$ cat start_19.pdb   # PDB, C-alpha atoms
ATOM      1  CA  MET B   1     116.626  97.447  71.603
ATOM      2  CA  THR B   2     115.691  94.005  72.882
ATOM      3  CA  THR B   3     116.273  91.152  70.443
ATOM      4  CA  ARG B   4     113.379  88.806  69.866
ATOM      5  CA  LEU B   5     114.030  85.083  69.626
ATOM      6  CA  PRO B   6     112.592  83.286  66.584
ATOM      7  CA  GLY B   7     109.107  81.957  67.295
ATOM      8  CA  THR B   8     108.350  84.384  70.129
ATOM      9  CA  ARG B   9     106.200  86.895  68.247
ATOM     10  CA  GLY B  10     104.082  88.713  70.797
ATOM     11  CA  ALA B  11     106.512  88.214  73.687
ATOM     12  CA  LEU B  12     107.858  91.787  73.712
ATOM     13  CA  TRP B  13     106.605  95.238  72.777
ATOM     14  CA  ARG B  14     109.014  98.171  72.825
ATOM     15  CA  GLY B  15     111.330  96.216  75.075
ATOM     16  CA  MET B  16     108.632  95.321  77.584
ATOM     17  CA  ARG B  17     107.641  91.737  78.308
ATOM     18  CA  LEU B  18     103.965  91.247  77.388
ATOM     19  CA  ALA B  19     101.713  89.528  79.896
ATOM     20  CA  ALA B  20      97.989  89.056  80.382
ATOM     21  CA  VAL B  21      95.854  88.716  83.498
ATOM     22  CA  ASP B  22      92.815  86.477  83.361
ATOM     23  CA  GLY B  23      90.694  84.410  85.703
ATOM     24  CA  PHE B  24      88.780  81.148  85.678
ATOM     25  CA  VAL B  25      87.173  78.676  88.074
ATOM     26  CA  LEU B  26      87.994  75.026  88.753
ATOM     27  CA  ASP B  27      85.893  72.316  90.358
ATOM     28  CA  GLY B  28      87.370  70.990  93.595
ATOM     29  CA  PRO B  29      86.926  67.715  95.433
ATOM     30  CA  ASP B  30      83.482  67.461  96.997
ATOM     31  CA  SER B  31      83.862  67.642 100.773
ATOM     32  CA  GLU B  32      82.222  69.627 103.545
ATOM     33  CA  ALA B  33      85.529  71.394 104.301
ATOM     34  CA  ASN B  34      86.010  72.419 100.667
ATOM     35  CA  GLN B  35      82.411  73.582 100.351
ATOM     36  CA  ALA B  36      82.767  75.643 103.539
ATOM     37  CA  PHE B  37      86.010  77.261 102.315
ATOM     38  CA  SER B  38      85.331  77.676  98.606
ATOM     39  CA  GLY B  39      81.608  77.744  98.078
ATOM     40  CA  GLY B  40      80.345  77.647  94.533
ATOM     41  CA  PRO B  41      77.609  78.835  92.240
ATOM     42  CA  THR B  42      73.978  78.440  93.225
ATOM     43  CA  ASP B  43      70.817  78.087  91.180
ATOM     44  CA  ALA B  44      67.663  80.222  91.410
ATOM     45  CA  ARG B  45      66.557  78.256  94.501
ATOM     46  CA  LYS B  46      69.949  78.910  96.168
ATOM     47  CA  ALA B  47      70.862  75.224  95.903
ATOM     48  CA  GLU B  48      74.637  74.813  95.806
ATOM     49  CA  ALA B  49      76.463  73.350  92.837
ATOM     50  CA  GLU B  50      77.477  69.715  92.979
ATOM     51  CA  PHE B  51      81.158  70.545  93.493
ATOM     52  CA  PRO B  52      82.843  73.402  95.343
ATOM     53  CA  GLN B  53      84.834  75.689  93.061
ATOM     54  CA  VAL B  54      87.972  77.780  93.420
ATOM     55  CA  ARG B  55      88.718  81.006  91.582
ATOM     56  CA  VAL B  56      92.135  81.283  89.917
ATOM     57  CA  VAL B  57      93.691  84.440  88.467
ATOM     58  CA  THR B  58      96.944  84.179  86.528
ATOM     59  CA  LEU B  59      99.588  86.520  85.160
ATOM     60  CA  THR B  60     100.742  84.788  81.966
ATOM     61  CA  GLU B  61     103.390  85.676  79.415
ATOM     62  CA  THR B  62     101.701  86.110  76.032
ATOM     63  CA  GLY B  63     104.581  84.918  73.851
ATOM     64  CA  ALA B  64     105.491  81.645  75.550
ATOM     65  CA  HIS B  65     102.170  81.223  77.421
ATOM     66  CA  ALA B  66     104.192  80.634  80.579
ATOM     67  CA  SER B  67     102.578  81.314  83.940
ATOM     68  CA  ILE B  68     104.430  84.056  85.793
ATOM     69  CA  ASP B  69     102.224  84.229  88.897
ATOM     70  CA  ALA B  70      98.840  82.971  90.100
ATOM     71  CA  ARG B  71      96.478  83.497  93.009
ATOM     72  CA  ILE B  72      93.711  81.191  94.231
ATOM     73  CA  ASP B  73      90.700  81.902  96.447
ATOM     74  CA  GLY B  74      87.227  80.558  97.030
ATOM     75  CA  PHE B  75      84.532  80.879  94.395
ATOM     76  CA  ASN B  76      83.123  84.026  95.992
ATOM     77  CA  GLY B  77      86.499  85.782  95.976
ATOM     78  CA  GLY B  78      86.952  88.628  93.522
ATOM     79  CA  GLU B  79      89.166  88.470  90.443
ATOM     80  CA  ARG B  80      90.309  92.083  90.868
ATOM     81  CA  GLU B  81      91.448  91.484  94.435
ATOM     82  CA  LEU B  82      93.468  88.451  93.356
ATOM     83  CA  ALA B  83      94.962  90.408  90.437
ATOM     84  CA  VAL B  84      96.115  93.182  92.797
ATOM     85  CA  GLN B  85      98.050  90.596  94.830
ATOM     86  CA  MET B  86     100.254  89.846  91.783
ATOM     87  CA  THR B  87     101.470  93.393  91.135
ATOM     88  CA  GLY B  88     105.016  92.702  92.334
ATOM     89  CA  SER B  89     105.466  90.122  89.583
ATOM     90  CA  ALA B  90     104.489  92.556  86.815
ATOM     91  CA  ALA B  91     107.165  95.242  87.210
ATOM     92  CA  GLY B  92     108.469  96.474  83.857
ATOM     93  CA  MET B  93     105.856  94.561  81.848
ATOM     94  CA  LEU B  94     103.003  95.661  79.620
ATOM     95  CA  VAL B  95     100.031  93.847  81.162
ATOM     96  CA  ILE B  96      96.843  93.284  79.170
ATOM     97  CA  MET B  97      93.581  92.867  81.075
ATOM     98  CA  ASP B  98      89.944  92.219  80.232
ATOM     99  CA  ARG B  99      87.210  94.716  81.071
ATOM    100  CA  SER B 100      86.293  92.855  84.272
ATOM    101  CA  PHE B 101      89.605  94.006  85.785
ATOM    102  CA  SER B 102      89.199  97.756  85.374
ATOM    103  CA  GLY B 103      89.282  99.942  88.463
ATOM    104  CA  VAL B 104      91.304 102.685  90.101
ATOM    105  CA  GLU B 105      92.695 100.435  92.867
ATOM    106  CA  LEU B 106      94.014  97.931  90.344
ATOM    107  CA  TRP B 107      95.426 100.684  88.108
ATOM    108  CA  LYS B 108      97.266 102.322  91.008
ATOM    109  CA  ALA B 109      98.636  98.991  92.259
ATOM    110  CA  TYR B 110     100.090  97.945  88.901
ATOM    111  CA  THR B 111     101.454 101.328  87.861
ATOM    112  CA  GLY B 112     102.847 101.802  91.379
ATOM    113  CA  ALA B 113     104.734  98.509  90.951
ATOM    114  CA  GLY B 114     106.255  99.755  87.687
ATOM    115  CA  ALA B 115     103.961  97.925  85.240
ATOM    116  CA  HIS B 116     102.199  99.415  82.224
ATOM    117  CA  LEU B 117      98.561  98.524  81.605
ATOM    118  CA  LEU B 118      96.381  98.022  78.576
ATOM    119  CA  LEU B 119      92.803  97.615  79.792
ATOM    120  CA  ARG B 120      89.686  96.877  77.811
ATOM    121  CA  ALA B 121      87.117  99.384  79.048
ATOM    122  CA  ARG B 122      83.442  98.664  79.594
ATOM    123  CA  SER B 123      81.111 100.213  77.028
ATOM    124  CA  THR B 124      79.737 102.553  79.704
ATOM    125  CA  VAL B 125      83.232 103.979  80.225
ATOM    126  CA  ALA B 126      84.243 104.285  76.581
ATOM    127  CA  SER B 127      80.992 104.510  74.655
ATOM    128  CA  ARG B 128      82.584 105.679  71.413
ATOM    129  CA  PRO B 129      86.140 105.483  70.136
ATOM    130  CA  THR B 130      88.029 108.715  69.667
ATOM    131  CA  LYS B 131      90.485 107.296  67.152
ATOM    132  CA  MET B 132      90.787 103.932  65.411
ATOM    133  CA  LEU B 133      94.359 102.681  65.030
ATOM    134  CA  PRO B 134      95.396 100.111  62.441
ATOM    135  CA  ASN B 135      96.839  96.861  63.817
ATOM    136  CA  THR B 136     100.257  97.762  62.409
ATOM    137  CA  ALA B 137     100.429 100.820  64.665
ATOM    138  CA  ILE B 138     100.372  98.564  67.722
ATOM    139  CA  TRP B 139     102.153  95.369  66.750
ATOM    140  CA  GLY B 140     104.477  96.554  64.009
ATOM    141  CA  ALA B 141     103.279  93.802  61.690
TER     142      ALA B 141
END
$ encode --input "start_19.pdb" --output "structure tokens"
Amino acid sequence: MTTRLPGTRGALWRGMRLAAVDGFVLDGPDSEANQAFSGGPTDARKAEAEFPQVRVVTLTETGAHASIDARIDGFNGGERELAVQMTGSAAGMLVIMDRSFSGVELWKAYTGAGAHLLLRARSTVASRPTKMLPNTAIWGA
């Protein structure tokens, strides 16, 4: 059994390091080169945003909130594709992901690298729960 350090509740579950994958966007410096590489959101008239944006996806430890790995691409890059690039860093971990990350390719990449996944499914995939578990069944509170 792995010993937990004081103050690190949520860092381990059944001996596995807990991590989460999530994505966000950042504004970049406004230049023609950055706009050409990164792009950004557009309005209804297809006018570009004031600043180019980059998409960032991170693999972060849930207990210490430490970044384990990150990938960056232009605004139009996909979060799932960036998440797949980090599979090597997730071996032996239980990785939690939001519903925007579901997909067979991602599942195969992470499990093939030796990670375990906990994915939030879209309502169209899991329209009704089959069994409700109390919080204590998962976290041992």
$ resolve_selection --input "start_19.pdb" --expression "the PyMOL selection byres ((chain B and resi 110) around 9)" --output "ChimeraX atom specification"
/B:84,86-88,90-91,95,105-109,111-117
$ closest_residue --input "start_19.pdb" --among "B:Ser38, B:Phe101, B:Leu119, B:Lys46" --to "B:Leu26" --atoms "all atoms listed in the file"
B:Ser38
$ atom_distance --input "start_19.pdb" --atom1 "atom CA of B:Thr58" --atom2 "atom CA of B:Asp30"
23.9 Å
$ closest_residue --input "start_19.pdb" --among "B:Glu79, B:Glu32, B:Glu48, B:Glu61" --to "B:Arg99" --atoms "only C-alpha atoms"
B:Glu79
$ closest_residue --input "start_19.pdb" --among "B:Gly15, B:Gly23, B:Gly78, B:Gly39" --to "B:Met97" --atoms "all atoms listed in the file"
B:Gly23
$ closest_residue --input "start_19.pdb" --among "B:Val25, B:Ala83, B:Ala44, B:Ile96" --to "B:Thr62" --atoms "all atoms listed in the file"
B:Ile96
$ atom_distance --input "start_19.pdb" --atom1 "atom CA of B:Ala11" --atom2 "atom CA of B:Ala64"
6.9 Å
$ closest_residue --input "start_19.pdb" --among "B:Asn34, B:Ala20, B:Ser100, B:Met93" --to "B:Asp73" --atoms "only C-alpha atoms"
B:Asn34
$ closest_residue --input "start_19.pdb" --among "B:Arg55, B:Gln85, B:Ala36, B:Asp98" --to "B:Asp69" --atoms "all atoms listed in the file"
B:Gln85
$ atom_distance --input "start_19.pdb" --atom1 "atom CA of B:Pro52" --atom2 "atom CA of B:Ala19"
29.2 Å
$ axis_aligned_box --input "start_19.pdb" --around "stretch 106-112 of chain B" --padding-each-side "6 Å" --output "AutoDock Vina command-line options"
--center_x 98.4 --center_y 100.1 --center_z 90.1 --size_x 20.8 --size_y 16.4 --size_z 16.4
$ build_atoms --input "start_19.pdb" --residues "stretch 102-123 of chain B" --atoms "N, CA and C atoms" --output "PDB file, keeping the file's coordinate frame"
ATOM      1  N   SER B 102      88.988  96.312  85.282  1.00  0.00           N
ATOM      2  CA  SER B 102      89.199  97.756  85.374  1.00  0.00           C
ATOM      3  C   SER B 102      88.890  98.257  86.783  1.00  0.00           C
ATOM      4  N   GLY B 103      89.518  99.345  87.153  1.00  0.00           N
ATOM      5  CA  GLY B 103      89.282  99.942  88.463  1.00  0.00           C
ATOM      6  C   GLY B 103      90.491 100.736  88.910  1.00  0.00           C
ATOM      7  N   VAL B 104      90.247 101.778  89.655  1.00  0.00           N
ATOM      8  CA  VAL B 104      91.304 102.685  90.101  1.00  0.00           C
ATOM      9  C   VAL B 104      92.291 101.966  91.017  1.00  0.00           C
ATOM     10  N   GLU B 105      91.804 101.139  91.937  1.00  0.00           N
ATOM     11  CA  GLU B 105      92.695 100.435  92.867  1.00  0.00           C
ATOM     12  C   GLU B 105      93.681  99.555  92.112  1.00  0.00           C
ATOM     13  N   LEU B 106      93.168  98.813  91.132  1.00  0.00           N
ATOM     14  CA  LEU B 106      94.014  97.931  90.344  1.00  0.00           C
ATOM     15  C   LEU B 106      95.015  98.750  89.529  1.00  0.00           C
ATOM     16  N   TRP B 107      94.556  99.818  88.910  1.00  0.00           N
ATOM     17  CA  TRP B 107      95.426 100.684  88.108  1.00  0.00           C
ATOM     18  C   TRP B 107      96.564 101.232  88.963  1.00  0.00           C
ATOM     19  N   LYS B 108      96.241 101.760  90.123  1.00  0.00           N
ATOM     20  CA  LYS B 108      97.266 102.322  91.008  1.00  0.00           C
ATOM     21  C   LYS B 108      98.243 101.256  91.476  1.00  0.00           C
ATOM     22  N   ALA B 109      97.765 100.067  91.776  1.00  0.00           N
ATOM     23  CA  ALA B 109      98.636  98.991  92.259  1.00  0.00           C
ATOM     24  C   ALA B 109      99.640  98.581  91.191  1.00  0.00           C
ATOM     25  N   TYR B 110      99.188  98.387  89.971  1.00  0.00           N
ATOM     26  CA  TYR B 110     100.090  97.945  88.901  1.00  0.00           C
ATOM     27  C   TYR B 110     101.047  99.042  88.469  1.00  0.00           C
ATOM     28  N   THR B 111     100.556 100.252  88.269  1.00  0.00           N
ATOM     29  CA  THR B 111     101.454 101.328  87.861  1.00  0.00           C
ATOM     30  C   THR B 111     102.416 101.684  88.991  1.00  0.00           C
ATOM     31  N   GLY B 112     101.969 101.566  90.233  1.00  0.00           N
ATOM     32  CA  GLY B 112     102.847 101.802  91.379  1.00  0.00           C
ATOM     33  C   GLY B 112     103.961 100.771  91.482  1.00  0.00           C
ATOM     34  N   ALA B 113     103.721  99.570  90.951  1.00  0.00           N
ATOM     35  CA  ALA B 113     104.734  98.509  90.951  1.00  0.00           C
ATOM     36  C   ALA B 113     105.637  98.593  89.724  1.00  0.00           C
ATOM     37  N   GLY B 114     105.408  99.580  88.853  1.00  0.00           N
ATOM     38  CA  GLY B 114     106.255  99.755  87.687  1.00  0.00           C
ATOM     39  C   GLY B 114     105.774  99.016  86.453  1.00  0.00           C
ATOM     40  N   ALA B 115     104.527  98.593  86.420  1.00  0.00           N
ATOM     41  CA  ALA B 115     103.961  97.925  85.240  1.00  0.00           C
ATOM     42  C   ALA B 115     103.195  98.946  84.402  1.00  0.00           C
ATOM     43  N   HIS B 116     103.016  98.619  83.142  1.00  0.00           N
ATOM     44  CA  HIS B 116     102.199  99.415  82.224  1.00  0.00           C
ATOM     45  C   HIS B 116     100.958  98.589  81.926  1.00  0.00           C
ATOM     46  N   LEU B 117      99.817  99.253  81.796  1.00  0.00           N
ATOM     47  CA  LEU B 117      98.561  98.524  81.605  1.00  0.00           C
ATOM     48  C   LEU B 117      97.884  98.869  80.294  1.00  0.00           C
ATOM     49  N   LEU B 118      97.268  97.864  79.716  1.00  0.00           N
ATOM     50  CA  LEU B 118      96.381  98.022  78.576  1.00  0.00           C
ATOM     51  C   LEU B 118      95.088  97.330  78.982  1.00  0.00           C
ATOM     52  N   LEU B 119      94.069  98.143  79.292  1.00  0.00           N
ATOM     53  CA  LEU B 119      92.803  97.615  79.792  1.00  0.00           C
ATOM     54  C   LEU B 119      91.701  97.781  78.770  1.00  0.00           C
ATOM     55  N   ARG B 120      90.888  96.773  78.640  1.00  0.00           N
ATOM     56  CA  ARG B 120      89.686  96.877  77.811  1.00  0.00           C
ATOM     57  C   ARG B 120      88.610  97.512  78.678  1.00  0.00           C
ATOM     58  N   ALA B 121      88.099  98.651  78.253  1.00  0.00           N
ATOM     59  CA  ALA B 121      87.117  99.384  79.048  1.00  0.00           C
ATOM     60  C   ALA B 121      85.703  98.882  78.767  1.00  0.00           C
ATOM     61  N   ARG B 122      84.860  98.992  79.761  1.00  0.00           N
ATOM     62  CA  ARG B 122      83.442  98.664  79.594  1.00  0.00           C
ATOM     63  C   ARG B 122      82.818  99.692  78.652  1.00  0.00           C
ATOM     64  N   SER B 123      81.751  99.311  77.981  1.00  0.00           N
ATOM     65  CA  SER B 123      81.111 100.213  77.028  1.00  0.00           C
ATOM     66  C   SER B 123      80.551 101.459  77.714  1.00  0.00           C
TER      67      SER B 123
END
